[in-house]
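Reading through the structure tokens given below for one structure.
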There are 2 protein chains.
Amino acid sequence: MVELSLPGLADLQRAARRIAGVAVKTPLVESRFLNETLGYRVLLKCETLQRTGSFKFRGAYNALTALDAADRRRGVVAVSSGNHGQGVAEAARLLGLPATIVMPRDAPASKRVRTLRSGATIVDYDRATEDRNAVAAGIIESTGVTLIHPFDNPDVIAGQGTVGLEITEQAGRRDADVSIVVVPCGGGGLSAGVGLAIRPLFPDCAIRLVEPEGFDDYRRSLAAGQCLSNPTTFGSVCDALMAEAPGPRGFVINRAHHAEAVTVSDQAVLDAVAFAARELKLVVEPGGAVGLAALLEGKINCRGGTVVVVLSGANIDDSLLANVLTRNWPRLQPHSAAVGGWTRLLS
Amino acid sequence: MVELSLPGLADLQRAARRIAGVAVKTPLVESRFLNETLGYRVLLKCETLQRTGSFKFRGAYNALTALDAADRRRGVVAVSSGNHGQGVAEAARLLGLPATIVMPRDAPASKRVRTLRSGATIVDYDRATEDRNAVAAGIIESTGVTLIHPFDNPDVIAGQGTVGLEITEQAGRRDADVSIVVVPCGGGGLSAGVGLAIRPLFPDCAIRLVEPEGFDDYRRSLAAGQCLSNPTTFGSVCDALMAEAPGPRGFVINRAHHAEAVTVSDQAVLDAVAFAARELKLVVEPGGAVGLAALLEGKINCRGGTVVVVLSGANIDDSLLANVLTRNWPRLQPHSAAVGGWTRLLS
């Protein structure tokens, strides 16, 4: 058995010092309307407002800062559907490193544009026919660059954990006793990091992961006690959450925190994206809205406590957001505290 | 000459105590991308995330709390294109008062739905042919309800001033030396309240008002030293900023603060709405985005300081937001620090 290097609370605190003044300390926002709709108190951790539009910048910046001088000179490569790529590209720009991003050809246009904007080189691959890891391995062999894994990297997990450190600080300032933290889940790096930060202060706090239907590798893996893969790597509206399988490091950490996972449908996710824009006034991408979707669908039992839900990213294409906003949409009923869900008013 | 009752700092502090735990303490958000685009530091006061989707709730709740028991029983009436109406309706719901909102027939559908959602009664009028004040006067005469003016009311101004109190506190926590506060301007109540809060702590801070083109009553009034009216009361995309003339109380206060006003075109405002959704990940309505528009258009000289811009509201119709997002849009150039504006990449 291989010994895995796992981050601890001290690594998260070091990451927080490294990203201070570079990353955005994102707000923990409360919506009275959401509270009344759900019938319990919800605090929204708005990583949508993070630099590059997702939490990924934190882990990327921390990991790049951890490289030695020789590795920095050679540069980095990342394999990413978009948000991790943007995070690495922007961190590399700020630190003066060359970065190459291996990206699926069907990634949202906005994510491609933003990656290019940071000066990174994009190498395309086909999600259905090509092995992205083989593409990255070829680049590493020929150039000697360092791979920055999107989640199975202790520095990346520590960086994502700063989301959790901020939650504990911000919730503490509001005297909120956090009973559940709901986290979107692809490879499990964000939930692992958040759990590492939250549990020391809120030892009874439940960690709930949310995955898109058809990509419930974490739910099945937690049930089986070992890492299981998804049957496919494409086909969800949540382009940010289509990891092949849990990362081994995050899996060990999430299991230790007794994390549990639920799934939400594409339809529920798009409902949540619309709800976020209409009612919360926040732009959220599908993968970033799965936690909110799970609450709105009543998929998580949230009675009797304060729930923190991480809105993890906002890089949605204009056309998709416009589409979601203009479908013939059922209206929310006036101030109905729906039990485990939200009721609709057919207008 | 009539003596006007004007609010002071103590009234703002009392308003802050009244709205605590009811209104949202909205975050002061920083976008690294916006800073790099403009070449100076900007802090965004997100009243878009306020209860009812605009700052208006603050003043409404404070004014309703100030009523005596008999007036509360009879209830209130407000004349509003939407946001003030929503604020009054929601404050009335929370305080258990009956509320009637006199609203133009062409107000955004989302604002109408939200007003109804709070249980208020809507009375329609035609912006082009009817005198809204006469409609309200008729209601007051027949029912004895109290008029809650949207801006020319000391309790309303004091409530809006809590936006400024939070800015001073939040900017102070970041060691930001605020040199300019940029505020959307309709009747001038928000800017007056914000000025009252800001100037004691930042005596050299400039107060800049932003109006839509064709509705520059404040700019002309400040130049003339007396309240002048707009030639029309409809026709701007900024439905929230079409007040007829400055409120006398706010005008006295804004003049005392040496406020200056600039104007922005409808096109610049819609550009700013799109920029906010795409780059800042915030839903902002046209009237709430005029301050951002003024910065993006280089209309305000912001060299050498930290600028706070109030994003004052977010109640935009889905169809307009979708339309703004799907126009064939020029892309932002990669990390160009444009001088007094933002450059575009024709893709």
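Chain lettering (A, B, ...) mirrors the order of the structure tokens, residue numbering begins at 1 for each chain separately, and ligand numbering begins at 1 in order of display.
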Enumerate, in order of chain and increasing residue number, the residues of chain B with an atom no farther than 8 Å from chain A, each with its shortest atom pair and distance in Å to one decimal, counting only C-alpha atoms, as a Markdown table.
```
| residue | atom | partner | partner_atom | distance |
| --- | --- | --- | --- | --- |
| B:Val24 | CA | A:Glu30 | CA | 7.1 |
| B:Thr26 | CA | A:Val29 | CA | 7.7 |
| B:Pro27 | CA | A:Pro27 | CA | 6.2 |
| B:Val29 | CA | A:Pro27 | CA | 7.6 |
| B:Glu30 | CA | A:Val24 | CA | 7.1 |
| B:Ser31 | CA | A:Arg51 | CA | 7.0 |
| B:Arg32 | CA | A:Arg51 | CA | 6.5 |
| B:Phe33 | CA | A:Arg51 | CA | 7.5 |
| B:Thr48 | CA | A:Lys281 | CA | 6.6 |
| B:Leu49 | CA | A:Lys281 | CA | 6.4 |
| B:Gln50 | CA | A:Ser31 | CA | 7.9 |
| B:Arg51 | CA | A:Arg32 | CA | 6.5 |
| B:Gly53 | CA | A:Lys281 | CA | 7.5 |
| B:Leu116 | CA | A:Pro334 | CA | 7.8 |
| B:Arg117 | CA | A:Pro334 | CA | 4.4 |
| B:Ser118 | CA | A:Pro334 | CA | 6.9 |
| B:Ala277 | CA | A:Val283 | CA | 6.5 |
| B:Arg278 | CA | A:Asp318 | CA | 7.5 |
| B:Leu280 | CA | A:Leu49 | CA | 6.8 |
| B:Lys281 | CA | A:Val283 | CA | 4.9 |
| B:Leu282 | CA | A:Leu282 | CA | 5.1 |
| B:Val283 | CA | A:Lys281 | CA | 4.9 |
| B:Val284 | CA | A:Lys281 | CA | 7.5 |
| B:Ala314 | CA | A:Lys281 | CA | 6.4 |
| B:Asp318 | CA | A:Leu325 | CA | 5.5 |
| B:Ser319 | CA | A:Thr326 | CA | 6.1 |
| B:Leu321 | CA | A:Ala322 | CA | 7.3 |
| B:Ala322 | CA | A:Ala322 | CA | 4.1 |
| B:Asn323 | CA | A:Ala322 | CA | 7.2 |
| B:Leu325 | CA | A:Asp318 | CA | 5.5 |
| B:Thr326 | CA | A:Ser319 | CA | 6.1 |
| B:Gln333 | CA | A:Arg117 | CA | 7.5 |
| B:Pro334 | CA | A:Arg117 | CA | 4.3 |
| B:His335 | CA | A:Arg117 | CA | 6.6 |
```
Note to self: I'd like the contact shell of Thr100 of chain A - 9 Å cut-off, only C-alpha atoms, skipping same-chain residues fewer than 6 positions apart - returned as a PyMOL selection string.
What the structure shows: chain A and resi 75-79+85+88-89+120-123+139+145
Notebook entry, point to check: What gap, in Å, lies between atom CA of Asn83 of chain B and atom CA of Gly193 of chain B?
Noted result: 17.1 Å
Margin query: Excluding Leu295 of chain A and its own-chain neighbours fewer than 4 positions away, which residues fall within 10 Å of it when counting only C-alpha atoms? Please give them as JSON, numbers by chain.
Written below: {"A": [38, 42, 182, 264, 272, 290, 291, 299, 300, 301, 302, 307, 309, 340, 341, 342]}
Would you save the residues of that selection, restricted to N, CA, C and O atoms, as a short mmCIF file (atom, residue, chain, number, x, y, z; two decimals), in the first residue's frame?
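Heads up, here's the output in out_1.cif:
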```
data_model
loop_
_atom_site.label_atom_id
_atom_site.label_comp_id
_atom_site.auth_asym_id
_atom_site.auth_seq_id
_atom_site.Cartn_x
_atom_site.Cartn_y
_atom_site.Cartn_z
N LEU A 38 -37.07 27.96 2.11
CA LEU A 38 -36.66 26.63 2.57
C LEU A 38 -37.12 26.33 4.00
O LEU A 38 -37.23 25.17 4.39
N VAL A 42 -29.86 29.59 5.66
CA VAL A 42 -28.82 29.19 4.71
C VAL A 42 -27.83 30.33 4.54
O VAL A 42 -28.22 31.48 4.39
N VAL A 182 -22.71 22.06 2.59
CA VAL A 182 -23.07 21.39 1.34
C VAL A 182 -22.10 21.85 0.26
O VAL A 182 -21.96 23.05 0.01
N VAL A 264 -28.23 15.23 -8.04
CA VAL A 264 -29.31 16.08 -8.56
C VAL A 264 -29.36 15.96 -10.08
O VAL A 264 -28.33 15.75 -10.73
N ALA A 272 -31.96 25.60 -10.44
CA ALA A 272 -31.19 26.30 -9.40
C ALA A 272 -30.40 27.46 -9.99
O ALA A 272 -30.27 28.52 -9.36
N VAL A 290 -25.08 22.91 -7.87
CA VAL A 290 -25.64 21.61 -7.47
C VAL A 290 -26.02 21.57 -5.99
O VAL A 290 -27.01 20.93 -5.61
N GLY A 291 -25.26 22.26 -5.15
CA GLY A 291 -25.60 22.29 -3.72
C GLY A 291 -26.91 23.01 -3.49
O GLY A 291 -27.79 22.53 -2.75
N LYS A 299 -33.29 17.43 -1.16
CA LYS A 299 -32.50 16.19 -1.18
C LYS A 299 -31.67 15.99 0.09
O LYS A 299 -31.08 14.94 0.29
N ILE A 300 -31.55 17.06 0.87
CA ILE A 300 -30.75 16.96 2.09
C ILE A 300 -31.61 17.40 3.27
O ILE A 300 -32.27 18.43 3.20
N ASN A 301 -31.62 16.61 4.31
CA ASN A 301 -32.41 16.92 5.50
C ASN A 301 -31.72 18.01 6.30
O ASN A 301 -30.67 17.78 6.90
N CYS A 302 -32.29 19.20 6.28
CA CYS A 302 -31.63 20.36 6.89
C CYS A 302 -32.41 20.95 8.04
O CYS A 302 -32.32 22.14 8.33
N VAL A 307 -27.31 26.01 7.56
CA VAL A 307 -26.68 25.29 6.47
C VAL A 307 -25.79 26.25 5.69
O VAL A 307 -26.23 27.36 5.36
N VAL A 309 -23.94 26.55 2.13
CA VAL A 309 -23.81 25.91 0.82
C VAL A 309 -22.78 26.69 0.01
O VAL A 309 -22.81 27.92 -0.04
N GLY A 340 -39.18 20.98 2.56
CA GLY A 340 -38.20 20.20 1.79
C GLY A 340 -38.24 20.48 0.30
O GLY A 340 -38.01 19.59 -0.50
N GLY A 341 -38.53 21.68 -0.07
CA GLY A 341 -38.54 21.98 -1.51
C GLY A 341 -39.16 23.34 -1.75
O GLY A 341 -39.42 24.08 -0.81
N TRP A 342 -39.38 23.69 -2.96
CA TRP A 342 -39.99 24.98 -3.25
C TRP A 342 -41.19 24.75 -4.15
O TRP A 342 -41.14 23.99 -5.08
#
```
Margin query: Which residues are close to Asp106 of chain B, i.e. within 12 Å by only C-alpha atoms, leaving aside same-chain residues fewer than 5 positions away? Reply as number ranges by chain.
Written below: B: 80-82, 111-112, 124-128, 234-237, 239-240, 317
Next item on the list: Apply DSSP to the structure's backbone, then extract all residues of segment 93-213 of chain A labelled alpha helix (DSSP H) and return them as a VMD selection string.
Entry: chain A and resid 93 to 95 109 to 117 132 to 143 154 to 173 189 to 198
I need the residues of segment 11-132 of chain B that end up classed as strand (DSSP E) by DSSP on the backbone, written out as a PDB file with N, CA, C and O atoms, in the first residue's frame.
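Saved the output as part24.pdb:
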```pdb
ATOM      1  N   LEU B  28     -19.124  44.168   0.617  1.00  0.00           N
ATOM      2  CA  LEU B  28     -18.332  45.088  -0.199  1.00  0.00           C
ATOM      3  C   LEU B  28     -17.339  44.203  -0.955  1.00  0.00           C
ATOM      4  O   LEU B  28     -16.408  43.664  -0.367  1.00  0.00           O
ATOM      5  N   VAL B  29     -17.581  44.036  -2.245  1.00  0.00           N
ATOM      6  CA  VAL B  29     -16.867  43.031  -3.033  1.00  0.00           C
ATOM      7  C   VAL B  29     -15.800  43.685  -3.898  1.00  0.00           C
ATOM      8  O   VAL B  29     -15.990  44.789  -4.412  1.00  0.00           O
ATOM      9  N   GLU B  30     -14.681  42.976  -4.041  1.00  0.00           N
ATOM     10  CA  GLU B  30     -13.609  43.479  -4.903  1.00  0.00           C
ATOM     11  C   GLU B  30     -13.372  42.495  -6.036  1.00  0.00           C
ATOM     12  O   GLU B  30     -13.355  41.287  -5.819  1.00  0.00           O
ATOM     13  N   ARG B  41      -8.274  50.774  -7.812  1.00  0.00           N
ATOM     14  CA  ARG B  41      -8.999  49.849  -6.948  1.00  0.00           C
ATOM     15  C   ARG B  41     -10.467  50.263  -6.792  1.00  0.00           C
ATOM     16  O   ARG B  41     -10.771  51.408  -6.477  1.00  0.00           O
ATOM     17  N   VAL B  42     -11.345  49.301  -7.009  1.00  0.00           N
ATOM     18  CA  VAL B  42     -12.777  49.545  -6.888  1.00  0.00           C
ATOM     19  C   VAL B  42     -13.377  48.560  -5.893  1.00  0.00           C
ATOM     20  O   VAL B  42     -13.082  47.367  -5.930  1.00  0.00           O
ATOM     21  N   LEU B  43     -14.213  49.067  -5.003  1.00  0.00           N
ATOM     22  CA  LEU B  43     -14.976  48.205  -4.094  1.00  0.00           C
ATOM     23  C   LEU B  43     -16.449  48.366  -4.432  1.00  0.00           C
ATOM     24  O   LEU B  43     -16.959  49.484  -4.548  1.00  0.00           O
ATOM     25  N   LEU B  44     -17.116  47.222  -4.628  1.00  0.00           N
ATOM     26  CA  LEU B  44     -18.508  47.232  -5.073  1.00  0.00           C
ATOM     27  C   LEU B  44     -19.432  46.984  -3.882  1.00  0.00           C
ATOM     28  O   LEU B  44     -19.375  45.910  -3.261  1.00  0.00           O
ATOM     29  N   LYS B  45     -20.266  47.945  -3.555  1.00  0.00           N
ATOM     30  CA  LYS B  45     -21.232  47.760  -2.467  1.00  0.00           C
ATOM     31  C   LYS B  45     -22.493  47.127  -3.078  1.00  0.00           C
ATOM     32  O   LYS B  45     -23.242  47.771  -3.810  1.00  0.00           O
ATOM     33  N   CYS B  46     -22.689  45.849  -2.738  1.00  0.00           N
ATOM     34  CA  CYS B  46     -23.675  45.033  -3.456  1.00  0.00           C
ATOM     35  C   CYS B  46     -25.070  45.112  -2.848  1.00  0.00           C
ATOM     36  O   CYS B  46     -25.546  44.145  -2.240  1.00  0.00           O
ATOM     37  N   VAL B  76     -49.905  52.296   4.906  1.00  0.00           N
ATOM     38  CA  VAL B  76     -49.076  53.213   4.123  1.00  0.00           C
ATOM     39  C   VAL B  76     -49.361  53.079   2.627  1.00  0.00           C
ATOM     40  O   VAL B  76     -49.879  52.072   2.158  1.00  0.00           O
ATOM     41  N   VAL B  77     -48.987  54.137   1.903  1.00  0.00           N
ATOM     42  CA  VAL B  77     -49.048  54.105   0.441  1.00  0.00           C
ATOM     43  C   VAL B  77     -47.716  54.617  -0.091  1.00  0.00           C
ATOM     44  O   VAL B  77     -47.082  55.489   0.520  1.00  0.00           O
ATOM     45  N   ALA B  78     -47.272  54.026  -1.194  1.00  0.00           N
ATOM     46  CA  ALA B  78     -46.039  54.476  -1.826  1.00  0.00           C
ATOM     47  C   ALA B  78     -46.269  54.609  -3.323  1.00  0.00           C
ATOM     48  O   ALA B  78     -47.029  53.847  -3.917  1.00  0.00           O
ATOM     49  N   VAL B  79     -45.611  55.607  -3.917  1.00  0.00           N
ATOM     50  CA  VAL B  79     -45.640  55.809  -5.363  1.00  0.00           C
ATOM     51  C   VAL B  79     -44.282  55.378  -5.882  1.00  0.00           C
ATOM     52  O   VAL B  79     -43.273  55.941  -5.473  1.00  0.00           O
ATOM     53  N   ALA B  99     -50.332  47.810   3.013  1.00  0.00           N
ATOM     54  CA  ALA B  99     -49.589  48.700   2.111  1.00  0.00           C
ATOM     55  C   ALA B  99     -50.240  48.726   0.736  1.00  0.00           C
ATOM     56  O   ALA B  99     -50.674  47.699   0.227  1.00  0.00           O
ATOM     57  N   THR B 100     -50.318  49.929   0.166  1.00  0.00           N
ATOM     58  CA  THR B 100     -50.795  50.107  -1.207  1.00  0.00           C
ATOM     59  C   THR B 100     -49.664  50.730  -2.016  1.00  0.00           C
ATOM     60  O   THR B 100     -49.036  51.688  -1.564  1.00  0.00           O
ATOM     61  N   ILE B 101     -49.400  50.152  -3.189  1.00  0.00           N
ATOM     62  CA  ILE B 101     -48.316  50.670  -4.015  1.00  0.00           C
ATOM     63  C   ILE B 101     -48.900  51.192  -5.329  1.00  0.00           C
ATOM     64  O   ILE B 101     -49.556  50.454  -6.066  1.00  0.00           O
ATOM     65  N   VAL B 102     -48.663  52.487  -5.602  1.00  0.00           N
ATOM     66  CA  VAL B 102     -49.079  53.111  -6.858  1.00  0.00           C
ATOM     67  C   VAL B 102     -47.926  52.958  -7.845  1.00  0.00           C
ATOM     68  O   VAL B 102     -46.828  53.469  -7.610  1.00  0.00           O
ATOM     69  N   MET B 103     -48.169  52.217  -8.926  1.00  0.00           N
ATOM     70  CA  MET B 103     -47.079  51.755  -9.789  1.00  0.00           C
ATOM     71  C   MET B 103     -47.409  52.022 -11.260  1.00  0.00           C
ATOM     72  O   MET B 103     -48.546  51.822 -11.677  1.00  0.00           O
ATOM     73  N   PRO B 104     -46.425  52.474 -12.047  1.00  0.00           N
ATOM     74  CA  PRO B 104     -46.695  52.675 -13.472  1.00  0.00           C
ATOM     75  C   PRO B 104     -46.985  51.343 -14.162  1.00  0.00           C
ATOM     76  O   PRO B 104     -46.413  50.314 -13.804  1.00  0.00           O
ATOM     77  N   THR B 121     -51.185  45.758  -2.035  1.00  0.00           N
ATOM     78  CA  THR B 121     -52.154  46.041  -3.093  1.00  0.00           C
ATOM     79  C   THR B 121     -51.488  46.969  -4.112  1.00  0.00           C
ATOM     80  O   THR B 121     -50.863  47.964  -3.728  1.00  0.00           O
ATOM     81  N   ILE B 122     -51.611  46.645  -5.412  1.00  0.00           N
ATOM     82  CA  ILE B 122     -51.045  47.515  -6.444  1.00  0.00           C
ATOM     83  C   ILE B 122     -52.163  48.330  -7.090  1.00  0.00           C
ATOM     84  O   ILE B 122     -53.211  47.789  -7.439  1.00  0.00           O
ATOM     85  N   VAL B 123     -51.940  49.652  -7.214  1.00  0.00           N
ATOM     86  CA  VAL B 123     -52.834  50.512  -7.993  1.00  0.00           C
ATOM     87  C   VAL B 123     -52.034  51.035  -9.183  1.00  0.00           C
ATOM     88  O   VAL B 123     -50.982  51.652  -8.995  1.00  0.00           O
ATOM     89  N   ASP B 124     -52.522  50.744 -10.388  1.00  0.00           N
ATOM     90  CA  ASP B 124     -51.797  51.128 -11.610  1.00  0.00           C
ATOM     91  C   ASP B 124     -52.049  52.579 -12.020  1.00  0.00           C
ATOM     92  O   ASP B 124     -53.103  53.131 -11.741  1.00  0.00           O
ATOM     93  N   TYR B 125     -51.055  53.168 -12.710  1.00  0.00           N
ATOM     94  CA  TYR B 125     -51.308  54.441 -13.404  1.00  0.00           C
ATOM     95  C   TYR B 125     -50.502  54.445 -14.700  1.00  0.00           C
ATOM     96  O   TYR B 125     -49.575  53.635 -14.864  1.00  0.00           O
TER      97      TYR B 125
END
```
